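K.L.:
I'd like to ask some things about the structure below.
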Amino acid sequence: MAHDDEPDELEEAGIERINERDGVYTGVYHGSEEQARDAIPSGWREVHIEGTMDGDVQVAVAPI
């Protein structure tokens with residue numbers, strides 16, 4: 001179930017430009033794919049992580 005503070009948790013983890021659709025939150029992480037995975041807060045699961053051509057990482061996560 002979604003909570004109002006969920007995007008704040010992601011922002012604190014370094015994920016920016018967060019959008020939500022159908023319970024999945026997407027955003028951008030500045031770092032490597034491994035660092036992005038390590039930054040996912042407790043209580044969240046990885047849906048998709050993929051590096052981009054400009055060196056950022058597209059991140060999709062969902063609450064557990």
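Starting from 1 in every chain, residues are counted up; chains themselves are A, B, ... following the order of the structure tokens, and ligands are numbered from 1 as listed.
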I want to know what sits within 9 Å of Ala62 in chain A, based on only C-alpha atoms, with residues of the same chain fewer than 5 positions away left out; could you give that as a ChimeraX atom specification?
P.N.:
/A:23-26,43-47
K.L.:
Could you write those residues out with N, CA and C atoms, as a compact mmCIF listing (two decimals), in the first residue's frame?
P.N.:
```txt
# COMPACT_ATOMS: atom_id res chain seq x y z
N GLY A 23 1.81 1.74 -8.93
CA GLY A 23 2.55 1.22 -7.78
C GLY A 23 4.03 1.04 -7.99
N VAL A 24 4.53 1.38 -9.17
CA VAL A 24 5.96 1.30 -9.46
C VAL A 24 6.52 2.72 -9.56
N TYR A 25 7.59 2.96 -8.83
CA TYR A 25 8.22 4.28 -8.81
C TYR A 25 9.47 4.22 -9.68
N THR A 26 9.58 5.17 -10.60
CA THR A 26 10.74 5.24 -11.47
C THR A 26 11.49 6.54 -11.22
N GLY A 43 12.59 -2.28 2.48
CA GLY A 43 11.15 -2.23 2.28
C GLY A 43 10.76 -1.99 0.82
N TRP A 44 11.76 -1.93 -0.06
CA TRP A 44 11.53 -1.74 -1.48
C TRP A 44 12.16 -2.90 -2.24
N ARG A 45 11.63 -3.18 -3.42
CA ARG A 45 12.22 -4.22 -4.27
C ARG A 45 12.53 -3.63 -5.63
N GLU A 46 13.59 -4.14 -6.22
CA GLU A 46 13.98 -3.73 -7.57
C GLU A 46 13.00 -4.29 -8.59
N VAL A 47 12.52 -3.44 -9.46
CA VAL A 47 11.72 -3.89 -10.59
C VAL A 47 12.59 -3.91 -11.84
```
K.L.:
Which one of A:Asp8, A:Asp22, A:Glu16, A:Asp56 sits closest to Pro41 in chain A if you count only C-alpha atoms?
P.N.:
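For Pro41 in chain A, the nearest of the candidates is A:Asp8.
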K.L.:
Residues within 12 Å of Thr52 in chain A, please, as a list of chain:residue names. Count only C-alpha atoms; anything in the same chain fewer than 3 positions from it doesn't count.
P.N.:
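Counting only the stated atoms, we get A:Val28, A:Tyr29, A:His30, A:Gly31, A:Ser32, A:Glu33, A:Ile49, A:Gly55, A:Asp56, A:Val57, A:Gln58, A:Val59.
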K.L.:
Could you state the separation of CA of Gly27 in chain A and CA of Ala60 in chain A in Å, given to one decimal place?
P.N.:
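Calculated distance between CA of Gly27 in chain A and CA of Ala60 in chain A is 6.6 Å.
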